[in-house]
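Everything below belongs to model.txt, which stores compact mmCIF, C-alpha atoms.
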# COMPACT_ATOMS: atom_id res chain seq x y z
CA MET A 85 22.37 13.65 56.79
CA GLN A 86 22.25 9.98 55.88
CA LYS A 87 19.56 8.99 53.50
CA GLY A 88 17.49 5.97 54.48
CA PRO A 89 16.80 3.08 52.12
CA PRO A 90 14.04 3.69 49.59
CA LYS A 91 10.61 2.84 50.88
CA PHE A 92 9.12 -0.22 49.30
CA ARG A 93 5.80 -1.89 49.78
CA THR A 94 5.43 -3.52 53.18
CA SER A 95 1.72 -4.27 53.14
CA LEU A 96 0.46 -7.70 52.21
CA ARG A 97 -2.49 -6.18 50.42
CA SER A 98 -2.43 -6.56 46.68
CA ARG A 99 -3.13 -3.38 44.77
CA GLY A 100 -5.05 -2.85 41.58
CA TYR A 101 -5.43 -5.17 38.66
CA PRO A 102 -3.54 -8.39 37.79
CA CYS A 103 0.08 -8.13 36.63
CA ARG A 104 0.48 -4.56 37.79
CA PHE A 105 4.09 -3.46 38.31
CA ALA A 106 5.18 -3.88 41.94
CA GLU A 107 7.99 -1.59 43.11
CA HIS A 108 10.47 -3.74 45.01
CA ASP A 109 14.13 -4.53 45.31
CA SER A 110 14.67 -8.17 44.33
CA PRO A 111 17.02 -10.25 42.16
CA VAL A 112 14.26 -10.58 39.56
CA HIS A 113 13.66 -6.82 39.53
CA ARG A 114 17.38 -6.30 38.93
CA MET A 115 17.48 -8.74 35.99
CA GLY A 116 17.47 -7.22 32.51
CA ALA A 117 14.11 -7.11 30.75
CA GLY A 118 15.45 -9.20 27.86
CA TRP A 119 16.71 -11.93 30.19
CA LYS A 120 13.41 -11.98 32.05
CA LEU A 121 11.54 -12.35 28.79
CA LEU A 122 13.85 -15.12 27.65
CA PHE A 123 13.62 -16.97 30.98
CA GLY A 124 9.84 -16.56 30.92
CA VAL A 125 9.58 -18.07 27.46
CA PHE A 126 11.80 -20.95 28.61
CA LEU A 127 9.59 -21.62 31.66
CA SER A 128 6.43 -21.41 29.55
CA ALA A 129 7.89 -23.90 27.06
CA LEU A 130 8.72 -26.26 29.94
CA ALA A 131 5.16 -25.87 31.23
CA ALA A 132 3.79 -26.90 27.84
CA GLY A 133 5.96 -29.99 27.81
CA GLY A 134 5.78 -31.13 31.45
CA ARG A 135 2.97 -33.65 31.74
CA THR A 136 4.11 -36.17 34.35
CA PRO A 137 3.32 -35.55 38.05
CA LEU A 138 7.02 -35.35 38.94
CA MET A 139 7.80 -32.88 36.17
CA GLN A 140 4.78 -30.79 37.12
CA ALA A 141 5.77 -30.76 40.80
CA ILE A 142 9.27 -29.56 39.86
CA LEU A 143 7.83 -26.90 37.55
CA VAL A 144 5.38 -25.67 40.19
CA MET A 145 8.22 -25.39 42.73
CA GLY A 146 10.50 -23.68 40.22
CA THR A 147 7.91 -21.19 38.98
CA LEU A 148 6.73 -20.43 42.51
CA ALA A 149 10.34 -19.87 43.62
CA TYR A 150 10.80 -17.50 40.65
CA TYR A 151 7.58 -15.65 41.52
CA LEU A 152 8.32 -15.36 45.23
CA SER A 153 11.97 -14.42 44.67
CA ALA A 154 10.58 -11.26 43.06
CA ARG A 155 9.26 -10.51 46.58
CA LEU A 156 5.72 -10.73 45.34
CA THR A 157 3.17 -11.84 47.90
CA LEU A 158 0.71 -14.71 47.85
CA ARG A 159 -2.03 -12.12 47.47
CA ASP A 160 -0.33 -10.88 44.31
CA LEU A 161 -0.20 -14.48 43.13
CA TRP A 162 -3.92 -14.91 43.76
CA CYS A 163 -4.63 -11.66 41.94
CA ASP A 164 -2.62 -12.87 38.92
CA VAL A 165 -4.00 -16.41 38.71
CA ARG A 166 -7.57 -15.68 39.83
CA LEU A 167 -8.88 -15.85 36.29
CA PHE A 168 -7.21 -19.22 35.73
CA ALA A 169 -8.64 -20.50 39.02
CA PHE A 170 -12.12 -19.85 37.67
CA GLN A 171 -11.10 -21.65 34.50
CA ALA A 172 -9.86 -24.62 36.57
CA ALA A 173 -13.20 -24.67 38.41
CA MET A 174 -14.78 -25.25 35.00
CA VAL A 175 -12.21 -27.60 33.44
CA ILE A 176 -11.78 -30.09 36.34
CA PRO A 177 -15.52 -30.84 36.76
CA LEU A 178 -15.81 -31.21 32.96
CA TYR A 179 -13.05 -33.84 32.96
CA CYS A 180 -14.66 -35.59 35.94
CA MET A 181 -18.04 -35.61 34.20
CA LEU A 182 -16.52 -36.99 31.02
CA ASP A 183 -14.17 -39.67 32.37
CA GLY A 184 -15.38 -40.14 35.94
CA VAL A 185 -13.74 -38.72 39.04
CA GLU A 186 -11.07 -41.41 39.23
CA LYS A 187 -9.87 -41.05 35.66
CA GLY A 188 -10.72 -37.43 35.04
CA LEU A 189 -9.39 -35.72 38.17
CA TRP A 190 -5.66 -35.88 37.35
CA PRO A 191 -5.93 -34.74 33.69
CA GLY A 192 -8.14 -31.86 34.82
CA VAL A 193 -5.71 -30.80 37.54
CA ARG A 194 -2.76 -31.28 35.18
CA ILE A 195 -4.20 -29.09 32.42
CA SER A 196 -5.31 -26.39 34.86
CA THR A 197 -1.85 -26.32 36.45
CA GLN A 198 -0.16 -26.25 33.05
CA ILE A 199 -2.26 -23.26 31.98
CA VAL A 200 -1.26 -21.35 35.15
CA LEU A 201 2.40 -22.32 34.71
CA PHE A 202 2.29 -21.23 31.07
CA TYR A 203 1.08 -17.72 31.87
CA LEU A 204 2.77 -17.07 35.24
CA PRO A 205 6.26 -16.16 33.92
CA GLY A 206 4.61 -13.44 31.82
CA ALA A 207 2.97 -12.11 34.98
CA VAL A 208 6.37 -12.03 36.73
CA PHE A 209 7.80 -10.04 33.80
CA LEU A 210 5.04 -7.46 34.02
CA ARG A 211 5.15 -7.32 37.82
CA THR A 212 8.89 -6.69 37.92
CA THR A 213 9.64 -4.61 34.82
CA ARG A 214 9.22 -0.87 34.65
CA THR A 215 7.71 0.66 31.54
CA SER A 216 11.02 2.44 30.85
CA GLU A 217 12.96 -0.86 31.08
CA ALA A 218 10.52 -2.61 28.78
CA MET A 219 10.84 0.29 26.34
CA ALA A 220 14.64 0.09 26.41
CA ALA A 221 14.50 -3.65 25.74
CA LEU A 222 11.98 -3.13 22.94
CA ARG A 223 14.20 -0.50 21.33
CA ARG A 224 16.93 -3.10 20.93
CA ILE A 225 14.81 -5.62 19.05
CA VAL A 226 12.21 -3.55 17.17
CA PRO A 227 13.09 -1.23 14.23
CA TYR A 228 13.16 2.41 15.33
CA ARG A 229 10.29 3.47 13.09
CA LEU A 230 7.98 0.95 14.74
CA SER A 231 9.32 1.53 18.25
CA PHE A 232 8.71 5.29 17.76
CA LEU A 233 5.05 4.54 17.04
CA VAL A 234 4.79 2.27 20.09
CA PHE A 235 6.29 4.95 22.33
CA VAL A 236 4.00 7.62 20.87
CA SER A 237 1.08 5.29 21.54
CA VAL A 238 2.14 4.83 25.18
CA ARG A 239 3.02 8.51 25.71
CA PHE A 240 -0.37 9.67 24.46
CA VAL A 241 -2.42 7.42 26.75
CA PRO A 242 -2.61 10.12 29.51
CA LEU A 243 -3.49 12.83 26.97
CA PHE A 244 -6.33 10.84 25.46
CA PHE A 245 -7.47 9.81 28.91
CA ARG A 246 -7.77 13.49 29.88
CA GLU A 247 -9.49 14.26 26.59
CA LEU A 248 -11.92 11.42 27.17
CA GLU A 249 -12.73 12.67 30.67
CA GLU A 250 -13.28 16.22 29.44
CA ILE A 251 -15.45 15.15 26.51
CA VAL A 252 -17.58 12.89 28.71
CA ALA A 253 -18.03 15.63 31.33
CA LEU A 254 -19.00 18.24 28.72
CA GLN A 255 -21.34 15.95 26.82
CA ARG A 256 -23.05 14.88 30.04
CA LEU A 257 -23.66 18.55 30.82
CA ARG A 258 -25.30 18.79 27.39
CA GLY A 259 -27.60 15.90 28.31
CA ALA A 260 -25.85 12.91 26.71
CA ARG A 261 -26.68 9.65 28.43
CA LEU A 262 -23.16 8.61 29.34
CA SER A 263 -23.21 7.71 33.04
CA PRO A 264 -22.22 4.08 33.77
CA ARG A 265 -25.79 3.27 34.77
CA GLU A 266 -27.21 4.81 31.58
CA GLN A 267 -24.64 2.99 29.48
CA MET A 268 -25.85 -0.35 30.86
CA ASN A 269 -28.81 0.14 28.54
CA PRO A 270 -27.79 -0.66 24.92
CA ARG A 271 -30.31 1.93 23.66
CA ASN A 272 -27.98 4.61 25.06
CA TRP A 273 -24.92 3.28 23.22
CA PRO A 274 -25.41 5.62 20.21
CA ASP A 275 -24.70 8.50 22.61
CA LEU A 276 -21.35 6.90 23.42
CA PHE A 277 -20.34 6.78 19.78
CA ASN A 278 -21.85 10.08 18.60
CA CYS A 279 -20.96 12.20 21.61
CA VAL A 280 -17.66 10.66 22.74
CA VAL A 281 -15.98 8.55 20.07
CA LEU A 282 -16.59 10.99 17.22
CA PRO A 283 -15.12 14.06 19.00
CA LEU A 284 -12.28 11.86 20.24
CA MET A 285 -11.46 10.80 16.68
CA VAL A 286 -11.56 14.42 15.51
CA ARG A 287 -9.07 15.20 18.27
CA ALA A 288 -6.95 12.20 17.20
CA PHE A 289 -6.87 13.52 13.60
CA ARG A 290 -5.74 16.95 14.76
CA THR A 291 -3.11 15.57 17.12
CA ALA A 292 -1.79 13.21 14.42
CA ASP A 293 -1.39 16.23 12.13
CA GLU A 294 0.50 18.18 14.79
CA VAL A 295 2.74 15.29 15.83
CA SER A 296 3.66 14.29 12.29
CA ARG A 297 4.33 17.88 11.18
CA SER A 298 6.43 18.50 14.26
CA ALA A 299 8.46 15.30 13.74
CA GLU A 300 8.94 15.95 10.03
CA ALA A 301 10.06 19.51 10.74
CA ARG A 302 12.87 17.92 12.75
CA ALA A 303 13.78 15.72 9.77
CA PHE A 304 12.53 12.66 11.62
CA GLY A 305 12.35 9.56 9.43
CA LEU A 306 14.59 11.09 6.77
CA HIS A 307 17.27 8.43 7.11
CA ARG A 308 17.18 4.67 7.33
CA GLU A 309 18.93 4.81 10.72
CA ARG A 310 17.64 6.73 13.74
CA THR A 311 19.12 10.23 13.84
CA TYR A 312 19.37 12.73 16.67
CA LEU A 313 19.82 16.47 16.57
CA ASP A 314 23.27 17.35 17.94
CA VAL A 315 22.35 20.09 20.40
CA ALA A 316 26.03 20.73 21.21
CA ALA A 317 26.71 21.55 17.57
CA MET A 318 23.73 23.88 17.54
CA GLY A 319 24.75 25.65 20.74
CA ARG A 320 28.27 26.45 19.53
CA ALA A 321 28.49 30.21 19.27
CA ASP A 322 30.70 30.23 16.20
CA GLY A 323 28.27 32.13 14.08
CA GLU A 324 28.13 30.81 10.55
CA GLU A 325 30.05 27.61 11.26
CA ALA A 326 27.48 26.33 13.73
CA VAL A 327 24.59 27.25 11.48
CA SER A 328 26.09 25.66 8.39
CA GLU A 329 26.92 22.50 10.37
CA VAL A 330 23.33 22.06 11.41
CA GLU A 331 21.62 23.08 8.22
CA GLY A 332 24.12 21.65 5.78
CA ARG A 333 25.28 23.32 2.60
CA ASP A 334 22.36 22.17 0.52
CA GLY A 335 19.85 22.92 3.23
CA ALA A 336 19.53 19.23 4.21
CA TYR A 337 20.46 18.04 7.67
CA PRO A 338 24.04 16.75 7.70
CA VAL A 339 24.79 13.32 9.11
CA LYS A 340 27.26 14.86 11.58
CA ALA A 341 24.61 16.99 13.22
CA LEU A 342 21.87 14.40 13.20
CA THR A 343 23.44 10.99 13.60
CA ASP A 344 24.26 9.76 17.06
CA MET B 253 2.08 24.16 -4.41
CA GLU B 254 1.22 20.54 -3.80
CA GLN B 255 3.69 18.67 -1.65
CA THR B 256 3.94 14.89 -1.71
CA GLU B 257 4.18 13.27 1.70
CA ARG B 258 7.14 11.06 2.48
CA ILE B 259 6.47 7.38 3.13
CA TYR B 260 7.41 6.52 6.71
CA ILE B 261 6.76 2.84 7.36
CA TRP B 262 6.03 -0.41 5.51
CA ARG B 263 6.42 1.37 2.17
CA ARG B 264 2.86 2.64 2.25
CA PHE B 265 2.04 4.73 5.34
CA THR B 266 3.03 8.35 5.73
CA LEU B 267 4.06 9.56 9.18
CA ARG B 268 0.64 11.20 9.65
CA GLU B 269 -1.18 7.98 8.79
CA ALA B 270 1.14 5.94 11.00
CA VAL B 271 0.61 8.31 13.95
CA LEU B 272 -3.16 8.21 13.40
CA LEU B 273 -3.04 4.40 13.45
CA CYS B 274 -0.94 4.47 16.58
CA PHE B 275 -3.63 6.66 18.21
CA CYS B 276 -6.19 3.98 17.34
CA ALA B 277 -3.92 1.58 19.23
CA THR B 278 -3.79 4.07 22.13
CA LEU B 279 -7.57 4.15 22.25
CA ILE B 280 -7.74 0.33 22.28
CA VAL B 281 -5.28 0.27 25.19
CA LEU B 282 -7.25 2.99 26.95
CA THR B 283 -10.59 1.22 26.59
CA ARG B 284 -9.02 -2.10 27.62
CA ALA B 285 -7.66 -0.48 30.78
CA GLY B 286 -11.03 1.13 31.48
CA LEU B 287 -13.01 -2.03 30.90
CA ARG B 288 -10.75 -4.28 32.94
CA LEU B 289 -11.44 -2.16 35.99
CA HIS B 290 -15.21 -2.20 35.70
CA LEU B 291 -16.48 -5.18 33.73
CA HIS B 292 -16.10 -8.90 34.29
CA LEU B 293 -17.80 -10.16 31.16
CA PRO B 294 -15.95 -12.70 29.01
CA GLY B 295 -14.96 -11.40 25.59
CA HIS B 296 -15.98 -7.78 26.26
CA VAL B 297 -12.50 -6.60 25.26
CA MET B 298 -13.40 -7.40 21.65
CA PHE B 299 -16.08 -4.70 21.59
CA PHE B 300 -13.70 -1.74 21.37
CA THR B 301 -10.84 -3.78 19.87
CA MET B 302 -12.87 -4.61 16.77
CA PHE B 303 -14.39 -1.14 16.69
CA PHE B 304 -10.99 0.55 16.53
CA PHE B 305 -9.47 -2.03 14.15
CA LEU B 306 -12.26 -1.38 11.67
CA LEU B 307 -12.20 2.35 12.28
CA ALA B 308 -8.45 2.35 11.59
CA ARG B 309 -9.08 0.54 8.34
CA GLY B 310 -11.78 3.11 7.46
CA CYS B 311 -9.60 6.11 8.31
CA VAL B 312 -6.51 4.77 6.53
CA PRO B 313 -7.86 2.61 3.69
CA LYS B 314 -4.61 0.81 2.93
CA VAL B 315 -3.73 -2.84 3.32
CA GLY B 316 -1.81 -3.35 6.56
CA ALA B 317 -3.50 -0.53 8.51
CA ALA B 318 -5.27 -2.84 10.95
CA THR B 319 -2.18 -5.06 11.23
CA LEU B 320 -0.07 -2.06 12.22
CA VAL B 321 -2.66 -1.12 14.85
CA GLY B 322 -2.64 -4.73 16.13
CA LEU B 323 1.14 -4.79 16.32
CA ILE B 324 1.36 -1.47 18.15
CA THR B 325 -1.47 -2.43 20.51
CA SER B 326 0.19 -5.72 21.46
CA LEU B 327 3.60 -4.12 22.05
CA ALA B 328 2.07 -1.22 24.00
CA SER B 329 0.04 -3.71 26.08
CA VAL B 330 3.20 -5.61 27.00
CA ILE B 331 5.00 -2.37 27.91
CA LEU B 332 2.08 -1.14 30.01
CA GLY B 333 1.70 -4.45 31.80
CA MET B 334 -1.61 -5.44 30.32
CA GLY B 335 -0.81 -8.76 28.72
CA SER B 336 0.39 -11.65 30.83
CA GLY B 337 0.53 -14.07 27.93
CA GLY B 338 3.90 -12.89 26.61
CA ALA B 339 4.08 -13.77 22.93
CA MET B 340 0.41 -14.78 23.04
CA VAL B 341 -0.59 -11.11 23.35
CA LEU B 342 0.99 -10.56 19.94
CA VAL B 343 -1.00 -13.41 18.42
CA LYS B 344 -4.24 -12.33 20.10
CA PHE B 345 -4.13 -8.87 18.54
CA LEU B 346 -2.49 -9.71 15.25
CA LEU B 347 -4.88 -12.48 14.22
CA PRO B 348 -8.06 -10.34 14.27
CA ALA B 349 -6.15 -7.47 12.67
CA LEU B 350 -5.05 -9.72 9.83
CA VAL B 351 -8.67 -10.76 9.26
CA VAL B 352 -9.67 -7.09 8.95
CA ASP B 353 -6.87 -6.46 6.44
CA LEU B 354 -7.77 -9.58 4.50
CA ALA B 355 -11.37 -8.37 4.29
CA GLY B 356 -10.07 -5.00 3.11
CA LEU B 357 -8.06 -6.73 0.43
CA ILE B 358 -11.12 -8.62 -0.82
CA ALA B 359 -13.63 -5.77 -0.51
CA PRO B 360 -11.88 -2.39 -0.11
CA ALA B 361 -15.08 -0.49 0.79
CA PHE B 362 -16.43 -3.00 3.31
CA VAL B 363 -16.18 -0.59 6.27
CA THR B 364 -19.28 1.27 5.11
CA SER B 365 -21.42 -1.86 5.00
CA LEU B 366 -23.17 -2.84 8.22
CA LEU B 367 -23.39 -6.51 7.29
CA ALA B 368 -19.78 -6.76 6.10
CA CYS B 369 -18.49 -5.03 9.24
CA ALA B 370 -20.52 -7.32 11.51
CA THR B 371 -19.31 -10.41 9.63
CA VAL B 372 -15.68 -9.35 9.78
CA GLY B 373 -16.05 -8.36 13.46
CA VAL B 374 -17.50 -11.75 14.39
CA LEU B 375 -14.96 -13.70 12.30
CA ALA B 376 -11.99 -11.81 13.69
CA SER B 377 -13.23 -12.25 17.26
CA LEU B 378 -13.74 -15.97 16.71
CA LEU B 379 -10.16 -16.23 15.54
CA ARG B 380 -8.93 -14.50 18.68
CA ALA B 381 -10.83 -17.04 20.77
CA GLY B 382 -9.17 -19.69 18.63
CA ALA B 383 -5.74 -18.45 19.73
CA ASN B 384 -6.56 -19.43 23.33
CA THR B 385 -7.71 -22.82 22.09
CA GLY B 386 -4.34 -23.20 20.38
CA VAL B 387 -2.57 -22.87 23.74
CA GLU B 388 -4.89 -25.42 25.31
CA TRP B 389 -4.28 -27.80 22.42
CA LEU B 390 -0.55 -27.29 22.89
CA LEU B 391 -0.92 -28.20 26.56
CA GLY B 392 -2.73 -31.41 25.63
CA MET B 393 -6.28 -30.66 26.75
CA ASP B 394 -8.99 -33.21 25.94
CA GLU B 395 -10.54 -32.37 22.58
CA GLU B 396 -14.15 -32.59 23.73
CA ILE B 397 -13.59 -30.28 26.67
CA MET B 398 -11.52 -27.94 24.53
CA LEU B 399 -14.38 -27.77 22.03
CA GLN B 400 -16.96 -27.00 24.72
CA LYS B 401 -14.78 -24.22 26.16
CA THR B 402 -14.06 -22.84 22.71
CA VAL B 403 -17.75 -22.69 21.81
CA ILE B 404 -18.52 -20.65 24.93
CA SER B 405 -15.56 -18.26 24.62
CA ALA B 406 -15.87 -17.92 20.83
CA GLY B 407 -19.59 -17.19 21.19
CA MET B 408 -18.97 -14.40 23.71
CA ASN B 409 -16.02 -12.98 21.77
CA GLY B 410 -17.99 -13.07 18.52
CA LEU B 411 -21.00 -11.37 20.10
CA TRP B 412 -18.98 -8.48 21.53
CA GLY B 413 -16.80 -8.16 18.43
CA GLY B 414 -19.84 -8.08 16.16
CA LEU B 415 -21.56 -5.43 18.31
CA GLY B 416 -18.45 -3.25 18.27
CA ALA B 417 -18.13 -3.62 14.50
CA LEU B 418 -21.75 -2.57 13.94
CA ALA B 419 -20.98 0.95 15.14
CA VAL B 420 -18.23 1.54 12.57
CA PRO B 421 -20.11 2.30 9.29
CA ALA B 422 -22.08 5.18 10.83
CA ILE B 423 -18.92 6.74 12.29
CA ILE B 424 -17.03 6.36 8.99
CA ARG B 425 -19.90 7.95 7.07
CA ARG B 426 -19.99 10.91 9.43
CA LEU B 427 -16.23 11.38 9.27
CA ARG B 428 -16.41 11.32 5.46
CA LYS B 429 -19.35 13.69 5.40
CA ASN B 430 -17.33 16.20 7.40
CA GLY B 431 -14.32 15.81 5.14
CA LEU B 432 -12.10 14.37 7.86
CA ILE B 433 -11.23 11.28 5.83
CA ASP B 434 -11.07 10.58 2.11
CA GLN B 435 -14.31 9.82 0.31
CA GLY B 436 -14.08 6.06 -0.05
CA ALA B 437 -10.51 5.87 -1.22
CA ALA B 438 -9.54 2.59 -2.79
CA ALA B 439 -7.18 0.22 -1.05
CA THR B 440 -3.55 0.32 -2.02
Could you take the file, read its structure, and then write that structure out as structure tokens?
Amino acid sequence: MQKGPPKFRTSLRSRGYPCRFAEHDSPVHRMGAGWKLLFGVFLSALAAGGRTPLMQAILVMGTLAYYLSARLTLRDLWCDVRLFAFQAAMVIPLYCMLDGVEKGLWPGVRISTQIVLFYLPGAVFLRTTRTSEAMAALRRIVPYRLSFLVFVSVRFVPLFFRELEEIVALQRLRGARLSPREQMNPRNWPDLFNCVVLPLMVRAFRTADEVSRSAEARAFGLHRERTYLDVAAMGRADGEEAVSEVEGRDGAYPVKALTD
Amino acid sequence: MEQTERIYIWRRFTLREAVLLCFCATLIVLTRAGLRLHLHLPGHVMFFTMFFFLLARGCVPKVGAATLVGLITSLASVILGMGSGGAMVLVKFLLPALVVDLAGLIAPAFVTSLLACATVGVLASLLRAGANTGVEWLLGMDEEIMLQKTVISAGMNGLWGGLGALAVPAIIRRLRKNGLIDQGAAAT
């Protein structure tokens, strides 16, 4: 049976919050995360420098072409630049009030456009890069000890989200004033900190203990370079040889078994 | 038998401390994601950002704790698609974190003082607002307009940051009382 092409988004409706990843097959999606980041920085630098009408027109066309070539819709674009549109609605009248409409209109439009052009390549990066791709790119440029912490931070978002939900539900059953309406009143904010944040921090302490003990038990962070446990060496059924290879003669983990 | 913990990162944090700090970053990311869906108030992000920066400093009273949280938060935000500013996200989180660490360097026990926390919270939030102004200055915005915008955004950022910071001393005291963190350890 022939498999059909993967289903991608066909609706014009934008989903969720600004800069959310949009699953699509496009040249920009296929670009490496590092290249996208580099190209984005280049476009942002051009946006900061382009101040003449001609240069701005070229930059708007170029950035729009980049955005739309990622098969993102105009609705997505509106979702991403909405905040800057509100900013423009404030900046342009301020310029007009200060210098008069004739003199102030162009600088106001120019600055507002430049701000959008400065941030838009970043939005394209986020819209077209999977978390896993961003992680792989990060691993190449950030030391492994720091990247480990970043990945732990990302991996534990769902866990803490679940914890948060459970704590809020239980504390509300106990009478804590934690509903969104009740939290609109600043007098109820102590409940948020005493009944939610405090238990959450206690949970964070316990989880940090477990994670660090578990990682240290695997000799994580022992060497300057990132090491990996060689499962193949462990699985070898050669009795003593396999055991000694993994544990090492002095009880320390040998480089052969741990280093990739 | 007492066992000394191995230093994991930046020559001062053990793996446990580093993981705890990275959980503070997780909670900042989590609250940012939650708030962006429900609130549309300028500067409100600073409420929990400052709260967790200061809490991190209180839980791990070592210089660089808040900076590590800021660094992890900015990188995690980029990975999770929550920062469209590219390199600016890094600056936006690192600047307030550096202010917290600087305050910790000057007064190691400041996290238990309401006034000190509020001051640091407001100052750090103002600096974050200043980062946006830096971009506008780079783009060549008129100084008068830039100033007016900065006053509004800095005011809102400072207000939220200060409010978030006010909650920290009570939480730190309770954590200490229950033996979950060291009793006012000095900065290292």
Please work out which residues fall within 12 Å of (11.8, -17.9, 30.1), coordinates as given in the file, with only C-alpha atoms counting, and return them as number ranges by chain. A: 117-131, 146-147, 150, 201-209; B: 338-339
Write out as an mmCIF file with C-alpha atoms, keeping the file's coordinate frame which residues come within 10 Å of Arg309 in chain B when counting all atoms listed in the file, dropping same-chain ones fewer than 3 positions away.
data_model
loop_
_atom_site.group_PDB
_atom_site.id
_atom_site.type_symbol
_atom_site.label_atom_id
_atom_site.label_comp_id
_atom_site.auth_asym_id
_atom_site.auth_seq_id
_atom_site.Cartn_x
_atom_site.Cartn_y
_atom_site.Cartn_z
ATOM 1 C CA LEU B 273 -3.040 4.400 13.450
ATOM 2 C CA PHE B 304 -10.990 0.550 16.530
ATOM 3 C CA PHE B 305 -9.470 -2.030 14.150
ATOM 4 C CA LEU B 306 -12.260 -1.380 11.670
ATOM 5 C CA VAL B 312 -6.510 4.770 6.530
ATOM 6 C CA PRO B 313 -7.860 2.610 3.690
ATOM 7 C CA LYS B 314 -4.610 0.810 2.930
ATOM 8 C CA VAL B 315 -3.730 -2.840 3.320
ATOM 9 C CA GLY B 316 -1.810 -3.350 6.560
ATOM 10 C CA ALA B 317 -3.500 -0.530 8.510
ATOM 11 C CA ALA B 318 -5.270 -2.840 10.950
ATOM 12 C CA THR B 319 -2.180 -5.060 11.230
ATOM 13 C CA VAL B 321 -2.660 -1.120 14.850
ATOM 14 C CA ALA B 349 -6.150 -7.470 12.670
ATOM 15 C CA VAL B 352 -9.670 -7.090 8.950
ATOM 16 C CA ASP B 353 -6.870 -6.460 6.440
ATOM 17 C CA GLY B 356 -10.070 -5.000 3.110
ATOM 18 C CA PRO B 360 -11.880 -2.390 -0.110
ATOM 19 C CA ALA B 361 -15.080 -0.490 0.790
ATOM 20 C CA PHE B 362 -16.430 -3.000 3.310
ATOM 21 C CA VAL B 363 -16.180 -0.590 6.270
ATOM 22 C CA ILE B 424 -17.030 6.360 8.990
ATOM 23 C CA ALA B 439 -7.180 0.220 -1.050
#
Option closest in space to Arg308 in chain A, from A:Arg229, A:Met181, A:Leu156, A:Cys103 [counting all atoms listed in the file]: A:Arg229
Could you please select, counting only C-alpha atoms, the residues of chain B within 9 Å of chain A and state them as a PyMOL selection string? chain B and resi 258-261+266-279+281-282+288-289+320+323-325+327-339+387-388+390-394+396-398+401+419+423+426-427+432
So which residues touch Leu415 in chain B within 12 Å, counting all atoms listed in the file, skipping near sequence neighbours fewer than 2 positions away, as a PyMOL selection string? (chain A and resi 270+273-274) or (chain B and resi 295-303+366-367+369-374+377+408-413+417-421)
Missing atoms in range 265-277 of chain A should be modelled up to N, CA and C atoms and reported as a CSV table (one decimal), in the coordinates of the input.
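Dumped to rebuild-v2.csv:
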chain,number,residue,atom,x,y,z
A,265,ARG,N,-24.5,3.9,34.7
A,265,ARG,CA,-25.8,3.3,34.8
A,265,ARG,C,-26.6,3.4,33.5
A,266,GLU,N,-26.5,4.6,32.8
A,266,GLU,CA,-27.2,4.8,31.6
A,266,GLU,C,-26.6,4.0,30.5
A,267,GLN,N,-25.3,3.8,30.5
A,267,GLN,CA,-24.6,3.0,29.5
A,267,GLN,C,-24.9,1.5,29.6
A,268,MET,N,-25.5,1.1,30.7
A,268,MET,CA,-25.8,-0.4,30.9
A,268,MET,C,-27.0,-0.7,29.9
A,269,ASN,N,-27.7,0.3,29.5
A,269,ASN,CA,-28.8,0.1,28.5
A,269,ASN,C,-28.3,0.3,27.1
A,270,PRO,N,-28.3,-0.8,26.3
A,270,PRO,CA,-27.8,-0.7,24.9
A,270,PRO,C,-28.4,0.4,24.1
A,271,ARG,N,-29.7,0.9,24.4
A,271,ARG,CA,-30.3,1.9,23.7
A,271,ARG,C,-29.6,3.3,23.8
A,272,ASN,N,-28.7,3.4,24.9
A,272,ASN,CA,-28.0,4.6,25.1
A,272,ASN,C,-26.6,4.5,24.4
A,273,TRP,N,-26.3,3.4,23.8
A,273,TRP,CA,-24.9,3.3,23.2
A,273,TRP,C,-24.7,4.3,22.1
A,274,PRO,N,-25.7,4.6,21.3
A,274,PRO,CA,-25.4,5.6,20.2
A,274,PRO,C,-24.8,6.9,20.8
A,275,ASP,N,-25.2,7.3,22.0
A,275,ASP,CA,-24.7,8.5,22.6
A,275,ASP,C,-23.2,8.4,22.8
A,276,LEU,N,-22.8,7.2,23.2
A,276,LEU,CA,-21.4,6.9,23.4
A,276,LEU,C,-20.5,7.1,22.1
A,277,PHE,N,-21.1,6.7,21.0
A,277,PHE,CA,-20.3,6.8,19.8
A,277,PHE,C,-20.4,8.2,19.2
